[in-house]
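Undergrad: Right, I'll just put the structure down here and ask away after.
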Amino acid sequence: MRLAQELFVAENVTDLETVVYALKRNIPMPRLYCILFISEKNCYEIVSSWELCRGRFQSKNGVVVGVANGKREAFDLIAYMIEEVIKDGKDLSNPSTWIEGVANEVRV
C-alpha cells in the first residue's frame with residue numbers, strides 16, 4: 001500500500017507508527033479508516049483498513065493520504081482537509097492538487 005509523504009491524522013489515532021507499520025504490511029486494524037486518493041477517478045474515498053488490507057477494495061492506484069479511528073472521524077478529517085484546501089487557496093475542483101505528496105507521486 002502506498003502512503004502519501006505527509007498523512008492527515010485524526011486526533012484519536014494515538015500510535016501513528018503502528019498504523020503505518022500495519023498498512024505497509026497489509027495488516028487490518030480494528031476501527032481504522034483510511035482516506036485514499038484514487039488517481040484514476042481523481043477523487044478521495046473513505047475505506048476501512050479491513051477492506052483495504054484484505055483486497056475487498058479494488059484499486060491499485062490508491063494512495064493513503066489520511067487515517068482516522070472510526071468512520072465518523074474519517075468524515076471529520078475529510079472536512080478538515082477541505083477547510084485546509086480553501087485556506088491555502090487551492091483548486092477545489094482538482095483533488096490531485098490538495099496534497100503535494102500525492103500530486104508528485106501520481107504526476108497528475
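Every chain in the C-alpha cells takes a letter, A first, then B, and so on in the order presented; its residues are numbered from 1, and the ligands are numbered from 1 following the presented order.
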Just want the 7 Å neighbourhood of Ser48 in chain A, counted on only C-alpha atoms, with same-chain residues fewer than 2 positions away dropped. Output as number ranges by chain.
TA: A: 32-34, 46, 50-52
Undergrad: Write out as a list in words the set of residues from range 1-67 of chain A that DSSP, computed on the backbone, places in strand (DSSP E).
TA: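 Matching residues for strand (DSSP E) in range 1-67 of chain A are Arg2, Leu3, Ala4, Gln5, Glu6, Leu7, Phe8, Val9, Leu32, Tyr33, Cys34, Ile35, Leu36, Phe37, Ile38, Cys43, Tyr44, Glu45, Ile46, Val47, Ser48, Gly62, Val63, Val64, Val65, Gly66 and Val67 of chain A.
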Undergrad: Export N, CA and C atoms of the chosen residues as a PDB file, in the first residue's frame?
TA:
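Just written: again_10.pdb:
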```
ATOM      1  N   ARG A   2       0.576   2.168  -0.881  1.00  0.00           N
ATOM      2  CA  ARG A   2       1.355   3.403  -0.951  1.00  0.00           C
ATOM      3  C   ARG A   2       0.778   4.435   0.011  1.00  0.00           C
ATOM      4  N   LEU A   3       1.660   5.162   0.656  1.00  0.00           N
ATOM      5  CA  LEU A   3       1.269   6.214   1.588  1.00  0.00           C
ATOM      6  C   LEU A   3       1.788   7.552   1.084  1.00  0.00           C
ATOM      7  N   ALA A   4       0.995   8.610   1.312  1.00  0.00           N
ATOM      8  CA  ALA A   4       1.434   9.958   0.947  1.00  0.00           C
ATOM      9  C   ALA A   4       2.631  10.338   1.816  1.00  0.00           C
ATOM     10  N   GLN A   5       3.420  11.278   1.341  1.00  0.00           N
ATOM     11  CA  GLN A   5       4.591  11.726   2.093  1.00  0.00           C
ATOM     12  C   GLN A   5       4.183  12.299   3.446  1.00  0.00           C
ATOM     13  N   GLU A   6       3.084  13.052   3.470  1.00  0.00           N
ATOM     14  CA  GLU A   6       2.566  13.602   4.723  1.00  0.00           C
ATOM     15  C   GLU A   6       1.116  13.176   4.872  1.00  0.00           C
ATOM     16  N   LEU A   7       0.830  12.431   5.939  1.00  0.00           N
ATOM     17  CA  LEU A   7      -0.519  11.942   6.183  1.00  0.00           C
ATOM     18  C   LEU A   7      -1.318  12.936   7.023  1.00  0.00           C
ATOM     19  N   PHE A   8      -2.615  13.031   6.721  1.00  0.00           N
ATOM     20  CA  PHE A   8      -3.536  13.701   7.630  1.00  0.00           C
ATOM     21  C   PHE A   8      -3.908  12.664   8.676  1.00  0.00           C
ATOM     22  N   VAL A   9      -3.797  13.019   9.945  1.00  0.00           N
ATOM     23  CA  VAL A   9      -4.044  12.072  11.026  1.00  0.00           C
ATOM     24  C   VAL A   9      -5.101  12.657  11.948  1.00  0.00           C
ATOM     25  N   LEU A  32     -10.000   1.288  12.104  1.00  0.00           N
ATOM     26  CA  LEU A  32      -9.155   2.205  11.351  1.00  0.00           C
ATOM     27  C   LEU A  32      -9.747   2.422   9.964  1.00  0.00           C
ATOM     28  N   TYR A  33      -9.946   3.667   9.615  1.00  0.00           N
ATOM     29  CA  TYR A  33     -10.420   4.035   8.282  1.00  0.00           C
ATOM     30  C   TYR A  33      -9.351   4.863   7.602  1.00  0.00           C
ATOM     31  N   CYS A  34      -9.201   4.640   6.309  1.00  0.00           N
ATOM     32  CA  CYS A  34      -8.196   5.339   5.523  1.00  0.00           C
ATOM     33  C   CYS A  34      -8.878   6.215   4.480  1.00  0.00           C
ATOM     34  N   ILE A  35      -8.289   7.371   4.242  1.00  0.00           N
ATOM     35  CA  ILE A  35      -8.740   8.242   3.171  1.00  0.00           C
ATOM     36  C   ILE A  35      -7.758   8.037   2.031  1.00  0.00           C
ATOM     37  N   LEU A  36      -8.285   7.596   0.908  1.00  0.00           N
ATOM     38  CA  LEU A  36      -7.457   7.279  -0.254  1.00  0.00           C
ATOM     39  C   LEU A  36      -7.672   8.293  -1.357  1.00  0.00           C
ATOM     40  N   PHE A  37      -6.597   8.634  -2.041  1.00  0.00           N
ATOM     41  CA  PHE A  37      -6.723   9.385  -3.273  1.00  0.00           C
ATOM     42  C   PHE A  37      -6.643   8.376  -4.404  1.00  0.00           C
ATOM     43  N   ILE A  38      -7.672   8.343  -5.250  1.00  0.00           N
ATOM     44  CA  ILE A  38      -7.728   7.422  -6.380  1.00  0.00           C
ATOM     45  C   ILE A  38      -7.399   8.218  -7.642  1.00  0.00           C
ATOM     46  N   CYS A  43     -10.320  11.461  -7.272  1.00  0.00           N
ATOM     47  CA  CYS A  43     -11.208  11.712  -6.136  1.00  0.00           C
ATOM     48  C   CYS A  43     -10.658  11.022  -4.885  1.00  0.00           C
ATOM     49  N   TYR A  44     -11.286  11.335  -3.762  1.00  0.00           N
ATOM     50  CA  TYR A  44     -10.935  10.727  -2.483  1.00  0.00           C
ATOM     51  C   TYR A  44     -12.048   9.778  -2.058  1.00  0.00           C
ATOM     52  N   GLU A  45     -11.673   8.682  -1.393  1.00  0.00           N
ATOM     53  CA  GLU A  45     -12.646   7.727  -0.876  1.00  0.00           C
ATOM     54  C   GLU A  45     -12.244   7.314   0.526  1.00  0.00           C
ATOM     55  N   ILE A  46     -13.255   7.004   1.332  1.00  0.00           N
ATOM     56  CA  ILE A  46     -13.028   6.510   2.692  1.00  0.00           C
ATOM     57  C   ILE A  46     -13.231   4.999   2.673  1.00  0.00           C
ATOM     58  N   VAL A  47     -12.207   4.275   3.148  1.00  0.00           N
ATOM     59  CA  VAL A  47     -12.228   2.815   3.115  1.00  0.00           C
ATOM     60  C   VAL A  47     -11.716   2.298   4.450  1.00  0.00           C
ATOM     61  N   SER A  48     -12.362   1.254   4.969  1.00  0.00           N
ATOM     62  CA  SER A  48     -11.870   0.664   6.214  1.00  0.00           C
ATOM     63  C   SER A  48     -10.560  -0.078   5.936  1.00  0.00           C
ATOM     64  N   GLY A  62      -4.486   3.575  -5.611  1.00  0.00           N
ATOM     65  CA  GLY A  62      -4.841   4.360  -4.435  1.00  0.00           C
ATOM     66  C   GLY A  62      -3.626   4.725  -3.597  1.00  0.00           C
ATOM     67  N   VAL A  63      -3.653   5.942  -3.063  1.00  0.00           N
ATOM     68  CA  VAL A  63      -2.605   6.411  -2.164  1.00  0.00           C
ATOM     69  C   VAL A  63      -3.283   6.834  -0.865  1.00  0.00           C
ATOM     70  N   VAL A  64      -2.849   6.275   0.255  1.00  0.00           N
ATOM     71  CA  VAL A  64      -3.421   6.643   1.549  1.00  0.00           C
ATOM     72  C   VAL A  64      -2.921   8.037   1.904  1.00  0.00           C
ATOM     73  N   VAL A  65      -3.866   8.964   2.134  1.00  0.00           N
ATOM     74  CA  VAL A  65      -3.497  10.341   2.479  1.00  0.00           C
ATOM     75  C   VAL A  65      -3.947  10.719   3.884  1.00  0.00           C
ATOM     76  N   GLY A  66      -4.774   9.878   4.509  1.00  0.00           N
ATOM     77  CA  GLY A  66      -5.237  10.181   5.854  1.00  0.00           C
ATOM     78  C   GLY A  66      -5.704   8.930   6.573  1.00  0.00           C
ATOM     79  N   VAL A  67      -5.635   8.967   7.900  1.00  0.00           N
ATOM     80  CA  VAL A  67      -6.102   7.848   8.720  1.00  0.00           C
ATOM     81  C   VAL A  67      -6.927   8.389   9.871  1.00  0.00           C
TER      82      VAL A  67
END
```
Undergrad: Rank nothing, just name the residue among A:Asn12, A:Ile99, A:Val85, A:Pro28 nearest to Gly55 in chain A, using only C-alpha atoms.
TA: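 Among the listed residues, A:Pro28 lies closest to Gly55 in chain A.
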Undergrad: I'd like the neighbourhood of Ile82 in chain A as a PyMOL selection string, where a residue qualifies if any of its atoms comes within 12 Å (using only C-alpha atoms), though same-chain residues fewer than 6 positions away should be ignored.
TA: chain A and resi 8+44+75-76+88-95+97-99
Undergrad: Write out the residues from the selection above, keeping N, CA and C atoms, as a compact mmCIF listing (two decimals), in the first residue's frame.
TA:
```
# COMPACT_ATOMS: atom_id res chain seq x y z
N PHE A 8 -2.62 13.03 6.72
CA PHE A 8 -3.54 13.70 7.63
C PHE A 8 -3.91 12.66 8.68
N TYR A 44 -11.29 11.34 -3.76
CA TYR A 44 -10.94 10.73 -2.48
C TYR A 44 -12.05 9.78 -2.06
N PHE A 75 -14.91 11.14 8.24
CA PHE A 75 -15.67 12.21 7.61
C PHE A 75 -15.23 13.58 8.14
N ASP A 76 -14.98 13.65 9.45
CA ASP A 76 -14.48 14.90 10.03
C ASP A 76 -13.12 15.27 9.46
N ASP A 88 -5.64 27.49 1.91
CA ASP A 88 -4.43 27.58 1.09
C ASP A 88 -4.72 28.10 -0.32
N GLY A 89 -6.00 28.28 -0.66
CA GLY A 89 -6.37 28.81 -1.96
C GLY A 89 -6.15 27.82 -3.10
N LYS A 90 -6.21 26.53 -2.80
CA LYS A 90 -6.03 25.53 -3.84
C LYS A 90 -7.33 25.28 -4.59
N ASP A 91 -7.25 24.63 -5.72
CA ASP A 91 -8.38 24.38 -6.59
C ASP A 91 -9.24 23.24 -6.04
N LEU A 92 -10.46 23.56 -5.59
CA LEU A 92 -11.35 22.54 -5.05
C LEU A 92 -11.81 21.54 -6.11
N SER A 93 -11.83 21.95 -7.36
CA SER A 93 -12.31 21.07 -8.42
C SER A 93 -11.24 20.09 -8.90
N ASN A 94 -10.02 20.21 -8.39
CA ASN A 94 -8.93 19.31 -8.78
C ASN A 94 -8.30 18.68 -7.54
N PRO A 95 -8.87 17.57 -7.05
CA PRO A 95 -8.38 16.95 -5.82
C PRO A 95 -6.93 16.52 -5.85
N THR A 97 -4.46 18.22 -6.51
CA THR A 97 -3.61 19.32 -6.05
C THR A 97 -3.73 19.57 -4.55
N TRP A 98 -4.63 18.88 -3.89
CA TRP A 98 -4.88 19.13 -2.47
C TRP A 98 -3.68 18.79 -1.60
N ILE A 99 -3.00 17.72 -1.92
CA ILE A 99 -1.88 17.25 -1.10
C ILE A 99 -0.66 17.14 -2.00
```
Undergrad: Take CA of Ile27 in chain A and CA of Ser39 in chain A and report the distance between them in Å, one decimal.
TA: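 Going from CA of Ile27 in chain A over to CA of Ser39 in chain A, I get 23.3 Å.
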